[in-house]
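*Asks:* For reference, the file upload_17.txt (compact mmCIF, C-alpha atoms (C1' of nucleotides)) is included below:
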# COMPACT_ATOMS: atom_id res chain seq x y z
CA MET Q 1 15.85 11.43 -12.89
CA GLN Q 2 19.34 10.11 -12.50
CA ARG Q 3 18.40 6.47 -12.17
CA ASP Q 4 16.18 6.19 -15.19
CA ALA Q 5 16.40 4.42 -18.48
CA PRO Q 6 19.55 2.34 -18.19
CA SER Q 7 19.71 1.29 -21.83
CA PHE Q 8 17.37 -1.63 -21.86
CA GLY Q 9 18.90 -4.63 -23.48
CA ARG Q 10 17.01 -7.00 -25.64
CA ARG Q 11 15.76 -10.29 -24.35
CA VAL Q 12 18.93 -12.21 -24.64
CA SER Q 13 17.04 -15.42 -24.28
CA THR Q 14 19.86 -17.69 -23.36
CA ALA Q 15 17.07 -20.21 -23.51
CA GLU Q 16 17.63 -21.10 -27.09
CA GLN Q 17 18.55 -24.55 -25.99
CA SER Q 18 15.77 -24.48 -23.43
CA ASN Q 19 13.31 -27.04 -24.63
CA LEU Q 20 10.77 -24.94 -22.79
CA GLN Q 21 11.05 -22.43 -25.54
CA ALA Q 22 10.76 -25.07 -28.24
CA ALA Q 23 7.88 -26.84 -26.57
CA THR Q 24 5.76 -23.77 -26.10
CA THR Q 25 6.30 -22.46 -29.56
CA SER Q 26 5.36 -25.76 -31.11
CA SER Q 27 2.34 -26.52 -28.98
CA VAL Q 28 0.70 -23.14 -29.01
CA LYS Q 29 -1.32 -22.20 -32.04
CA ARG Q 30 0.36 -19.10 -33.27
CA GLY Q 31 3.81 -17.85 -32.49
CA ALA Q 32 4.73 -15.64 -29.57
CA PRO Q 33 4.64 -17.96 -26.60
CA ALA Q 34 5.06 -16.39 -23.24
CA LEU Q 35 8.51 -14.96 -23.05
CA PHE Q 36 8.12 -14.31 -19.40
CA LEU Q 37 8.39 -17.89 -18.24
CA SER Q 38 11.40 -18.69 -20.37
CA ALA Q 39 13.05 -15.50 -19.21
CA LEU Q 40 12.36 -16.48 -15.62
CA VAL Q 41 13.87 -19.88 -16.19
CA ASP Q 42 16.90 -18.28 -17.75
CA ILE Q 43 17.30 -15.92 -14.84
CA LEU Q 44 17.15 -18.73 -12.33
CA ARG Q 45 19.78 -20.61 -14.31
CA GLY Q 46 21.90 -17.59 -14.96
CA GLY Q 47 24.26 -17.47 -12.05
CA TYR Q 48 22.49 -14.78 -10.06
CA GLU Q 49 22.47 -16.80 -6.85
CA ASP Q 50 23.22 -13.80 -4.70
CA ILE Q 51 20.37 -11.86 -6.26
CA ILE Q 52 17.64 -14.40 -6.96
CA ALA Q 53 17.67 -18.11 -6.25
CA TRP Q 54 15.62 -21.23 -5.74
CA ASN Q 55 15.09 -22.48 -2.24
CA PRO Q 56 17.04 -25.67 -1.45
CA SER Q 57 14.19 -27.95 -2.44
CA GLY Q 58 13.48 -26.11 -5.66
CA THR Q 59 9.85 -25.33 -4.92
CA CYS Q 60 10.04 -21.54 -4.90
CA PHE Q 61 12.45 -18.74 -5.52
CA MET Q 62 13.38 -15.67 -3.56
CA ILE Q 63 14.59 -12.28 -4.69
CA ARG Q 64 17.44 -11.70 -2.32
CA ASP Q 65 18.58 -8.28 -3.45
CA ALA Q 66 15.80 -6.22 -4.97
CA GLU Q 67 18.00 -3.37 -6.01
CA ARG Q 68 20.54 -5.48 -7.85
CA PHE Q 69 17.69 -7.54 -9.28
CA SER Q 70 16.24 -4.42 -10.86
CA ASP Q 71 19.47 -2.97 -12.09
CA GLU Q 72 21.38 -6.05 -13.13
CA VAL Q 73 18.84 -8.74 -13.92
CA LEU Q 74 15.60 -7.17 -15.08
CA VAL Q 75 17.38 -4.77 -17.36
CA HIS Q 76 19.00 -7.63 -19.23
CA HIS Q 77 15.93 -9.80 -19.56
CA PHE Q 78 13.04 -7.38 -19.98
CA LYS Q 79 12.33 -3.97 -21.41
CA HIS Q 80 12.13 -2.40 -18.01
CA ASN Q 81 13.80 -2.33 -14.64
CA LYS Q 82 10.74 -2.23 -12.45
CA LEU Q 83 10.27 -4.86 -9.81
CA SER Q 84 6.56 -4.07 -9.74
CA SER Q 85 6.20 -5.02 -13.39
CA PHE Q 86 8.00 -8.27 -12.75
CA GLN Q 87 5.68 -8.97 -9.83
CA ARG Q 88 2.65 -8.20 -11.97
CA GLN Q 89 3.81 -10.81 -14.44
CA LEU Q 90 4.32 -13.33 -11.68
CA ASN Q 91 0.76 -12.85 -10.55
CA LEU Q 92 -0.56 -13.02 -14.10
CA TYR Q 93 1.03 -16.42 -14.39
CA GLY Q 94 -0.41 -17.58 -11.12
CA PHE Q 95 2.55 -17.28 -8.81
CA ARG Q 96 1.84 -16.53 -5.17
CA LYS Q 97 4.02 -14.91 -2.56
CA ILE Q 98 4.65 -17.08 0.47
CA SER Q 99 3.84 -15.17 3.59
CA ARG Q 100 4.95 -17.48 6.37
CA GLY Q 101 7.41 -20.16 7.20
CA PRO Q 102 10.99 -20.67 6.12
CA ASP Q 103 10.28 -19.60 2.55
CA ALA Q 104 8.42 -16.45 3.52
CA GLY Q 105 8.86 -13.81 0.87
CA ALA Q 106 9.51 -16.26 -1.94
CA TYR Q 107 7.27 -16.77 -4.95
CA ALA Q 108 5.84 -20.16 -5.75
CA HIS Q 109 3.67 -21.83 -8.34
CA GLU Q 110 2.28 -25.32 -8.27
CA HIS Q 111 3.76 -26.10 -11.67
CA PHE Q 112 6.93 -24.06 -11.47
CA LEU Q 113 9.44 -26.42 -9.94
CA ARG Q 114 13.16 -26.50 -10.47
CA ASP Q 115 13.27 -30.21 -11.19
CA ARG Q 116 10.16 -30.47 -13.36
CA PRO Q 117 10.71 -28.33 -16.41
CA GLU Q 118 7.96 -30.24 -18.22
CA ASP Q 119 5.39 -28.80 -15.84
CA ILE Q 120 6.49 -25.31 -16.70
CA GLN Q 121 5.32 -25.87 -20.23
CA VAL Q 122 1.86 -26.55 -18.89
CA MET Q 123 2.00 -23.21 -17.15
CA ALA Q 124 2.85 -21.42 -20.31
CA MET Q 125 -0.22 -22.80 -22.00
CA SER Q 126 -2.72 -22.56 -19.21
CA SER Q 127 -1.73 -19.22 -17.76
CA ARG Q 128 -3.96 -17.04 -19.86
CA ALA Q 129 -6.47 -19.74 -20.60
CA GLU Q 130 -7.69 -19.97 -17.04
CA VAL Q 131 -8.23 -16.23 -16.97
CA MET D 132 13.22 14.60 14.67
CA GLN D 133 12.52 11.03 15.62
CA ARG D 134 10.69 10.56 18.86
CA ASP D 135 11.35 7.13 20.19
CA ALA D 136 11.73 5.06 17.06
CA PRO D 137 11.95 1.51 18.29
CA SER D 138 13.38 -0.54 15.51
CA PHE D 139 10.53 -2.65 14.25
CA GLY D 140 11.83 -5.88 12.91
CA ARG D 141 10.25 -8.01 10.29
CA ARG D 142 8.14 -11.02 11.13
CA VAL D 143 10.87 -13.49 11.58
CA SER D 144 8.56 -16.44 11.52
CA THR D 145 10.56 -18.97 13.41
CA ALA D 146 7.72 -21.32 12.60
CA GLU D 147 9.65 -23.37 10.12
CA GLN D 148 8.64 -26.62 11.69
CA SER D 149 5.17 -25.31 12.35
CA ASN D 150 2.91 -27.66 10.47
CA LEU D 151 0.39 -24.89 10.90
CA GLN D 152 2.00 -23.33 7.91
CA ALA D 153 1.69 -26.36 5.68
CA ALA D 154 -1.87 -27.09 6.60
CA THR D 155 -3.22 -23.60 6.19
CA THR D 156 -1.44 -22.86 2.97
CA SER D 157 -2.69 -26.03 1.39
CA SER D 158 -6.25 -25.71 2.56
CA VAL D 159 -6.78 -22.02 2.08
CA LYS D 160 -7.28 -20.93 -1.48
CA ARG D 161 -5.51 -17.68 -1.90
CA GLY D 162 -3.79 -14.70 -0.49
CA ALA D 163 -2.25 -13.90 2.83
CA PRO D 164 -3.91 -15.91 5.56
CA ALA D 165 -3.68 -14.55 9.04
CA LEU D 166 -0.14 -13.99 10.12
CA PHE D 167 -1.23 -13.25 13.62
CA LEU D 168 -1.82 -16.83 14.70
CA SER D 169 1.40 -18.14 13.29
CA ALA D 170 3.24 -15.26 14.92
CA LEU D 171 1.57 -16.10 18.21
CA VAL D 172 2.61 -19.72 17.88
CA ASP D 173 6.14 -18.62 17.13
CA ILE D 174 6.21 -16.39 20.15
CA LEU D 175 5.02 -19.13 22.47
CA ARG D 176 7.69 -21.42 21.12
CA GLY D 177 10.36 -18.81 21.01
CA GLY D 178 11.98 -19.08 24.38
CA TYR D 179 10.26 -16.15 26.05
CA GLU D 180 9.18 -18.17 29.08
CA ASP D 181 9.91 -15.35 31.47
CA ILE D 182 7.84 -12.94 29.41
CA ILE D 183 4.95 -14.97 28.02
CA ALA D 184 4.18 -18.63 28.54
CA TRP D 185 1.57 -21.35 28.45
CA ASN D 186 0.03 -22.49 31.68
CA PRO D 187 1.19 -25.95 32.78
CA SER D 188 -1.68 -27.72 31.06
CA GLY D 189 -1.30 -25.78 27.84
CA THR D 190 -4.83 -24.40 27.74
CA CYS D 191 -4.03 -20.71 27.95
CA PHE D 192 -1.11 -18.35 28.04
CA MET D 193 -0.15 -15.51 30.30
CA ILE D 194 1.83 -12.37 29.63
CA ARG D 195 4.14 -12.31 32.60
CA ASP D 196 6.09 -9.15 31.87
CA ALA D 197 4.13 -6.63 29.86
CA GLU D 198 6.97 -4.20 29.45
CA ARG D 199 9.46 -6.71 28.15
CA PHE D 200 6.72 -8.24 26.02
CA SER D 201 6.22 -4.91 24.27
CA ASP D 202 9.85 -4.03 23.88
CA GLU D 203 11.39 -7.40 23.15
CA VAL D 204 8.67 -9.58 21.68
CA LEU D 205 6.11 -7.45 19.89
CA VAL D 206 8.71 -5.35 18.15
CA HIS D 207 10.24 -8.43 16.59
CA HIS D 208 7.02 -10.03 15.44
CA PHE D 209 4.76 -7.15 14.46
CA LYS D 210 4.93 -3.67 13.04
CA HIS D 211 4.21 -2.10 16.39
CA ASN D 212 5.06 -2.37 20.05
CA LYS D 213 1.67 -1.79 21.59
CA LEU D 214 0.20 -4.32 23.93
CA SER D 215 -3.26 -2.93 23.20
CA SER D 216 -2.89 -3.73 19.51
CA PHE D 217 -1.84 -7.26 20.38
CA GLN D 218 -4.88 -7.57 22.63
CA ARG D 219 -7.13 -6.26 19.87
CA GLN D 220 -5.87 -9.03 17.62
CA LEU D 221 -6.46 -11.61 20.30
CA ASN D 222 -10.05 -10.51 20.58
CA LEU D 223 -10.50 -10.42 16.82
CA TYR D 224 -9.50 -14.07 16.76
CA GLY D 225 -11.85 -14.97 19.57
CA PHE D 226 -9.52 -15.14 22.54
CA ARG D 227 -10.93 -14.25 25.93
CA LYS D 228 -9.16 -13.11 29.05
CA ILE D 229 -9.74 -15.35 32.02
CA SER D 230 -11.04 -13.32 34.93
CA ARG D 231 -11.01 -15.75 37.80
CA GLY D 232 -9.45 -18.92 38.99
CA PRO D 233 -5.85 -20.08 38.94
CA ASP D 234 -5.35 -18.89 35.35
CA ALA D 235 -6.84 -15.46 35.94
CA GLY D 236 -5.25 -12.92 33.62
CA ALA D 237 -4.36 -15.43 30.94
CA TYR D 238 -5.82 -15.51 27.44
CA ALA D 239 -7.60 -18.58 26.17
CA HIS D 240 -9.35 -19.84 23.08
CA GLU D 241 -11.28 -23.03 22.66
CA HIS D 242 -9.17 -24.08 19.69
CA PHE D 243 -5.85 -22.63 20.72
CA LEU D 244 -4.21 -25.38 22.72
CA ARG D 245 -0.53 -26.09 23.07
CA ASP D 246 -0.89 -29.77 22.28
CA ARG D 247 -3.40 -29.50 19.45
CA PRO D 248 -1.80 -27.53 16.67
CA GLU D 249 -4.33 -28.98 14.24
CA ASP D 250 -7.09 -27.09 16.01
CA ILE D 251 -5.21 -23.85 15.52
CA GLN D 252 -5.57 -24.36 11.82
CA VAL D 253 -9.31 -24.39 12.26
CA MET D 254 -9.02 -21.06 13.99
CA ALA D 255 -7.12 -19.58 11.15
CA MET D 256 -9.84 -20.53 8.76
CA SER D 257 -12.92 -19.88 10.83
CA SER D 258 -11.87 -16.78 12.67
CA ARG D 259 -12.86 -14.33 9.97
CA ALA D 260 -15.58 -16.50 8.52
CA GLU D 261 -17.71 -16.17 11.60
CA VAL D 262 -17.35 -12.40 11.50
CA MET T 263 15.09 -14.33 8.72
CA GLN T 264 18.17 -12.43 7.75
CA ARG T 265 16.09 -10.37 5.41
CA ASP T 266 16.89 -6.74 5.91
CA ALA T 267 14.98 -5.56 8.94
CA PRO T 268 15.09 -1.84 8.45
CA SER T 269 14.32 -0.02 11.65
CA PHE T 270 10.91 1.49 11.18
CA GLY T 271 10.53 4.74 13.00
CA ARG T 272 7.39 6.19 14.42
CA ARG T 273 5.33 8.78 12.65
CA VAL T 274 7.25 11.78 13.76
CA SER T 275 4.56 14.18 12.73
CA THR T 276 6.66 17.26 12.34
CA ALA T 277 3.33 18.78 11.45
CA GLU T 278 2.61 20.13 14.87
CA GLN T 279 2.25 23.58 13.44
CA SER T 280 0.46 22.17 10.44
CA ASN T 281 -3.06 23.46 10.76
CA LEU T 282 -3.99 20.49 8.62
CA GLN T 283 -3.61 18.22 11.58
CA ALA T 284 -5.53 20.52 13.88
CA ALA T 285 -8.28 21.06 11.36
CA THR T 286 -8.89 17.40 10.71
CA THR T 287 -8.81 16.34 14.31
CA SER T 288 -11.20 19.06 15.35
CA SER T 289 -13.61 18.74 12.46
CA VAL T 290 -13.83 14.98 12.29
CA LYS T 291 -16.03 13.34 14.86
CA ARG T 292 -13.90 10.60 16.30
CA GLY T 293 -10.23 9.98 16.45
CA ALA T 294 -7.77 8.69 13.92
CA PRO T 295 -8.00 11.07 11.02
CA ALA T 296 -5.94 10.13 8.02
CA LEU T 297 -2.31 10.35 8.97
CA PHE T 298 -1.26 9.79 5.41
CA LEU T 299 -1.98 13.27 4.15
CA SER T 300 -0.36 15.03 7.06
CA ALA T 301 2.65 12.76 6.71
CA LEU T 302 2.81 13.60 3.02
CA VAL T 303 2.68 17.29 3.81
CA ASP T 304 5.44 16.84 6.35
CA ILE T 305 7.58 14.98 3.88
CA LEU T 306 7.21 17.67 1.25
CA ARG T 307 8.17 20.28 3.83
CA GLY T 308 10.92 18.24 5.36
CA GLY T 309 13.93 19.18 3.34
CA TYR T 310 14.04 16.16 1.09
CA GLU T 311 14.29 18.24 -2.08
CA ASP T 312 16.76 15.87 -3.67
CA ILE T 313 14.51 12.89 -3.00
CA ILE T 314 10.96 14.19 -3.38
CA ALA T 315 9.80 17.65 -4.29
CA TRP T 316 6.99 19.78 -5.63
CA ASN T 317 7.18 20.94 -9.20
CA PRO T 318 7.95 24.65 -9.57
CA SER T 319 4.29 25.65 -9.65
CA GLY T 320 3.36 23.47 -6.70
CA THR T 321 0.70 21.45 -8.50
CA CYS T 322 2.29 18.02 -8.21
CA PHE T 323 5.26 16.30 -6.68
CA MET T 324 7.85 13.95 -8.03
CA ILE T 325 9.83 11.21 -6.36
CA ARG T 326 13.30 11.88 -7.65
CA ASP T 327 15.20 9.09 -5.98
CA ALA T 328 13.08 6.04 -5.27
CA GLU T 329 15.75 4.19 -3.36
CA ARG T 330 16.56 6.99 -0.98
CA PHE T 331 12.85 7.74 -0.67
CA SER T 332 12.26 4.21 0.61
CA ASP T 333 15.24 4.03 2.88
CA GLU T 334 15.40 7.54 4.26
CA VAL T 335 11.91 9.00 4.01
CA LEU T 336 9.32 6.24 4.20
CA VAL T 337 11.01 4.50 7.09
CA HIS T 338 10.78 7.64 9.21
CA HIS T 339 7.18 8.50 8.40
CA PHE T 340 5.41 5.14 8.08
CA LYS T 341 5.57 1.64 9.43
CA HIS T 342 7.12 0.31 6.27
CA ASN T 343 9.71 1.11 3.64
CA LYS T 344 7.82 0.01 0.54
CA LEU T 345 7.27 2.42 -2.28
CA SER T 346 4.36 0.28 -3.46
CA SER T 347 2.55 0.80 -0.17
CA PHE T 348 3.07 4.53 -0.46
CA GLN T 349 1.71 4.47 -3.99
CA ARG T 350 -1.31 2.46 -2.87
CA GLN T 351 -2.09 5.17 -0.35
CA LEU T 352 -1.72 7.86 -2.98
CA ASN T 353 -4.25 6.11 -5.15
CA LEU T 354 -6.60 5.55 -2.23
CA TYR T 355 -6.60 9.29 -1.67
CA GLY T 356 -7.26 10.00 -5.31
CA PHE T 357 -3.83 11.01 -6.54
CA ARG T 358 -3.02 10.25 -10.16
CA LYS T 359 0.30 9.79 -11.83
CA ILE T 360 0.93 12.20 -14.64
CA SER T 361 1.86 10.28 -17.75
CA ARG T 362 2.83 12.97 -20.20
CA GLY T 363 4.07 16.48 -20.40
CA PRO T 364 6.75 18.26 -18.41
CA ASP T 365 5.52 16.81 -15.12
CA ALA T 366 5.35 13.24 -16.36
CA GLY T 367 5.98 10.82 -13.54
CA ALA T 368 4.76 13.14 -10.82
CA TYR T 369 1.68 12.56 -8.67
CA ALA T 370 -1.12 15.09 -8.60
CA HIS T 371 -4.46 15.63 -6.95
CA GLU T 372 -6.95 18.35 -7.68
CA HIS T 373 -7.02 19.44 -4.06
CA PHE T 374 -3.44 18.78 -3.10
CA LEU T 375 -1.64 21.98 -3.96
CA ARG T 376 1.40 23.43 -2.28
CA ASP T 377 -0.10 26.87 -1.87
CA ARG T 378 -3.60 25.86 -0.81
CA PRO T 379 -3.32 23.92 2.43
CA GLU T 380 -7.00 24.58 3.10
CA ASP T 381 -7.90 22.38 0.15
CA ILE T 382 -5.89 19.53 1.61
CA GLN T 383 -8.19 19.56 4.60
CA VAL T 384 -11.07 18.96 2.23
CA MET T 385 -9.21 15.95 0.89
CA ALA T 386 -8.72 14.52 4.32
CA MET T 387 -12.40 14.65 4.99
CA SER T 388 -13.81 13.79 1.59
CA SER T 389 -11.35 11.18 0.46
CA ARG T 390 -13.07 8.22 2.06
CA ALA T 391 -16.52 9.69 1.91
CA GLU T 392 -16.64 9.48 -1.84
CA VAL T 393 -15.77 5.78 -1.69
C1' DA E 394 -4.31 -9.83 -31.57
C1' DT E 395 -1.26 -11.18 -27.90
C1' DC E 396 1.67 -10.37 -24.65
C1' DG E 397 4.16 -6.97 -21.94
C1' DT E 398 4.32 -2.68 -19.13
C1' DT E 399 2.20 0.61 -16.28
C1' DC E 400 -1.13 2.56 -13.27
C1' DT E 401 -5.17 1.94 -10.40
C1' DA E 402 -8.27 -0.67 -7.60
C1' DG E 403 -9.94 -4.84 -4.89
C1' DA E 404 -9.52 -7.69 -0.99
C1' DA E 405 -7.69 -9.42 3.24
C1' DT E 406 -5.22 -8.70 7.35
C1' DA E 407 -3.07 -5.40 10.60
C1' DT E 408 -2.93 -1.20 13.59
C1' DT E 409 -5.04 2.47 16.02
C1' DC E 410 -8.52 4.89 18.54
C1' DG E 411 -12.45 5.18 21.14
C1' DA E 412 -17.25 3.75 22.54
C1' DG E 413 -19.91 0.86 25.50
C1' DG E 414 -20.69 -2.73 28.78
C1' DG G 415 -11.14 0.56 35.54
C1' DC G 416 -10.61 -3.25 32.67
C1' DC G 417 -12.41 -6.02 28.61
C1' DT G 418 -14.53 -6.43 24.21
C1' DC G 419 -15.89 -4.64 20.09
C1' DG G 420 -16.90 -1.26 16.07
C1' DA G 421 -14.94 1.58 12.87
C1' DA G 422 -11.43 4.01 10.39
C1' DT G 423 -6.97 4.04 8.42
C1' DA G 424 -2.70 1.45 7.06
C1' DT G 425 -0.03 -2.33 4.83
C1' DT G 426 0.34 -6.09 1.76
C1' DC G 427 -0.66 -8.96 -2.06
C1' DT G 428 -3.34 -9.74 -6.16
C1' DA G 429 -6.13 -8.40 -9.99
C1' DG G 430 -8.38 -5.10 -13.32
C1' DA G 431 -7.78 -1.90 -16.93
C1' DA G 432 -5.62 0.99 -20.28
C1' DC G 433 -2.11 1.44 -23.36
C1' DG G 434 1.57 0.16 -26.43
C1' DA G 435 4.88 -2.54 -29.11
Could you rewrite the structure in this file as structure tokens?

*Replies:*
Amino acid sequence: MQRDAPSFGRRVSTAEQSNLQAATTSSVKRGAPALFLSALVDILRGGYEDIIAWNPSGTCFMIRDAERFSDEVLVHHFKHNKLSSFQRQLNLYGFRKISRGPDAGAYAHEHFLRDRPEDIQVMAMSSRAEV
Amino acid sequence: MQRDAPSFGRRVSTAEQSNLQAATTSSVKRGAPALFLSALVDILRGGYEDIIAWNPSGTCFMIRDAERFSDEVLVHHFKHNKLSSFQRQLNLYGFRKISRGPDAGAYAHEHFLRDRPEDIQVMAMSSRAEV
Amino acid sequence: MQRDAPSFGRRVSTAEQSNLQAATTSSVKRGAPALFLSALVDILRGGYEDIIAWNPSGTCFMIRDAERFSDEVLVHHFKHNKLSSFQRQLNLYGFRKISRGPDAGAYAHEHFLRDRPEDIQVMAMSSRAEV
DNA sequence: ATCGTTCTAGAATATTCGAGG
DNA sequence: GCCTCGAATATTCTAGAACGA
């Protein structure tokens, strides 16, 4: 009861300049494109390297400190602070958790690559479609 | 309170260079493919020659020191320290214990050969299929 | 690699005197009765009132400090330290999370009541049967 | 109405115990 | 006494479903 409801901030969406945001909003029929992906991009750009970061090659990202991720990152980008909700979103968008090898524990998606932001737009459009 | 409590480590997966990883992840559709085989490969590469090792020709492996294998190897690669659980996994994946000859006491599998890591990938995919 | 590696303890089973354990082992044909329920009983008896506790009437229990529950309780009673794995077990045994009212957030099961340990034995035997 | 959040369940592998050869 | 296997529970990851904003 003492670690609940830490005043959830609004989606700050530092991604105003993120052409991801622009692209999705323009290409999708009606408004409300997936905020999750743009929030994820923001987070990975946002100087949280000690908490969550890309692997060196930019093919997947790892949550390095789950507790700080919940308390410091999620709270500022979503309406909750639950890692499980974040993971549910990852799976909804087709991310998979890597179970073996050097990147074990990281999440990856074929089209979610650090150096190919264009591909991320494809994700945003196809995520729910393929369901 | 706590009986023996050996500190079970996480699967460290020293198999970074293991192309087993790349092949299986790319060929298998979803989810967590068998960690057991990659862990076994890691173990046999991991500098435990006094505890567990391939035979000279690389066709089977022998547990040379069961006690150290339990306490030093299993604990670091699995969530248990029981040789019997390790043996159960071996049998689930089709390994057989050699009963006679120079390699008596070693475990072998048709597709688990030191110098044919590609074949191990076949194991990973067919092991459960044939069950 | 340098993940966290919490030292997972063995199931300490402080429930020696717990007739739950005796009842299940004697009544069930072959071995391995569900350890989860007896572990849960142990936990709720184990002096973790600040971390997990029954409600005053003993009809449900609440995890009060998720972080300490993972690090201090789960690690000593299971082979993991993941709250999500604990929750999966709760659901497998038919527990439900209370969503509203004074006990919101607590887990409850019709036959899991603090003052009716006999009913818990019924759970242990019927939980999987009804699946 | 769609997406987000939460809770529950499915599916695959892992661990344990014991039966049977 | 091994060795192999069946079966039950446990752990993990992903998906279904209900609800809400």

*Asks:* I need every residue sitting at most 9 Å from the point (-8.9, -7.3, -3.3) (coordinates as in the file, all atoms listed in the file considered), written as a ChimeraX atom specification.

*Replies:* /E:402-405 /G:427-429

*Asks:* Work out how far apart CA of Gln252 (chain D) and CA of Leu113 (chain Q) are and give it in Å to one decimal.

*Replies:*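 Going from CA of Gln252 (chain D) over to CA of Leu113 (chain Q) covers 26.5 Å.
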
*Asks:* Which distance in Å separates CA of Asp202 (chain D) and C1' of DT426 (chain G), to one decimal?

*Replies:*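 These two atoms are separated by 24.2 Å.
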
*Asks:* With a distance cut-off of 8 Å and all atoms listed in the file, select the neighbouring residues of Ile52 (chain Q), excluding the residue or stretch itself and same-chain residues fewer than 2 positions from it, and output the selection as a list in words.

*Replies:*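 Listed by chain and then number, they are Leu44, Tyr48, Glu49, Asp50, Trp54, Phe61, Met62, Ile63, Arg64, Asp65 and Phe69 of chain Q.
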
*Asks:* How far is it from C1' of DA435 (chain G) to CA of Phe36 (chain Q), in Å with one decimal?

*Replies:*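 Pair C1' of DA435 (chain G) / CA of Phe36 (chain Q) returns 15.6 Å.
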
*Asks:* Hey, which of T:Gly356, T:Ser319, T:Lys341, T:Glu329 ends up closest to DA407 (chain E)? Count all atoms listed in the file.

*Replies:* T:Lys341

*Asks:* Excluding same-chain residues fewer than 2 positions from DT409 (chain E), what lies within 10 Å of it counting all atoms listed in the file, as an NGL selection string?

*Replies:* (:D and (213 or 215-216 or 219)) or (:T and (293-294)) or (:E and (407 or 411)) or (:G and (422-424))

*Asks:* Per residue of chain Q within 10 Å of chain G, what are the shortest atom pair and its distance in Å to one decimal, counting all atoms listed in the file, with rows by chain and residue number, as JSON lines?

*Replies:*
{"residue": "Q:Gln87", "atom": "CA", "partner": "G:DT428", "partner_atom": "C1'", "distance": 9.8}
{"residue": "Q:Arg88", "atom": "CA", "partner": "G:DT428", "partner_atom": "C1'", "distance": 8.5}
{"residue": "Q:Asn91", "atom": "CA", "partner": "G:DT428", "partner_atom": "C1'", "distance": 6.8}
{"residue": "Q:Leu92", "atom": "CA", "partner": "G:DA429", "partner_atom": "C1'", "distance": 8.3}
{"residue": "Q:Gly94", "atom": "CA", "partner": "G:DT428", "partner_atom": "C1'", "distance": 9.7}
{"residue": "Q:Phe95", "atom": "CA", "partner": "G:DT428", "partner_atom": "C1'", "distance": 9.9}
{"residue": "Q:Arg96", "atom": "CA", "partner": "G:DC427", "partner_atom": "C1'", "distance": 8.6}
{"residue": "Q:Lys97", "atom": "CA", "partner": "G:DC427", "partner_atom": "C1'", "distance": 7.6}
{"residue": "Q:Ser99", "atom": "CA", "partner": "G:DC427", "partner_atom": "C1'", "distance": 9.5}

*Asks:* Export, as a short mmCIF file (atom, residue, chain, number, x, y, z; two decimals), in the frame of the given file, the selected residues with C-alpha atoms.

*Replies:*
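again-v8.cif, written as the output of this step:
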data_model
loop_
_atom_site.label_atom_id
_atom_site.label_comp_id
_atom_site.auth_asym_id
_atom_site.auth_seq_id
_atom_site.Cartn_x
_atom_site.Cartn_y
_atom_site.Cartn_z
CA GLN Q 87 5.68 -8.97 -9.83
CA ARG Q 88 2.65 -8.20 -11.97
CA ASN Q 91 0.76 -12.85 -10.55
CA LEU Q 92 -0.56 -13.02 -14.10
CA GLY Q 94 -0.41 -17.58 -11.12
CA PHE Q 95 2.55 -17.28 -8.81
CA ARG Q 96 1.84 -16.53 -5.17
CA LYS Q 97 4.02 -14.91 -2.56
CA SER Q 99 3.84 -15.17 3.59
#

*Asks:* Return the single residue from D:His207, D:Phe217, D:Gly189, D:Val253 that is closest to chain E, with distances computed using all atoms listed in the file.

*Replies:*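 Ranked by minimum distance to chain E, first place goes to D:Phe217.
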
*Asks:* Which of these, Q:Glu110, Q:Gln89, Q:Met123, Q:Asp103, has the shortest distance to chain E once you count only C-alpha atoms (C1' of nucleotides)?

*Replies:* Q:Gln89

*Asks:* Counting all atoms listed in the file, select every polymer residue within 7 Å of (15.4, -3.8, -14.1) as defined in the file's coordinates, and provide the selection as an NGL selection string.

*Replies:* :Q and (69-75 or 80-83)

*Asks:* Using all atoms listed in the file, which residue out of D:Glu249, D:Leu221, D:Phe209, D:Ala239 lies closest to chain T?

*Replies:* D:Phe209

*Asks:* Hey, which of D:His208, D:Asp250, D:Ala197, D:Thr190 ends up closest to chain Q? Count only C-alpha atoms.

*Replies:*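 Selected residue with least distance to chain Q: D:His208.
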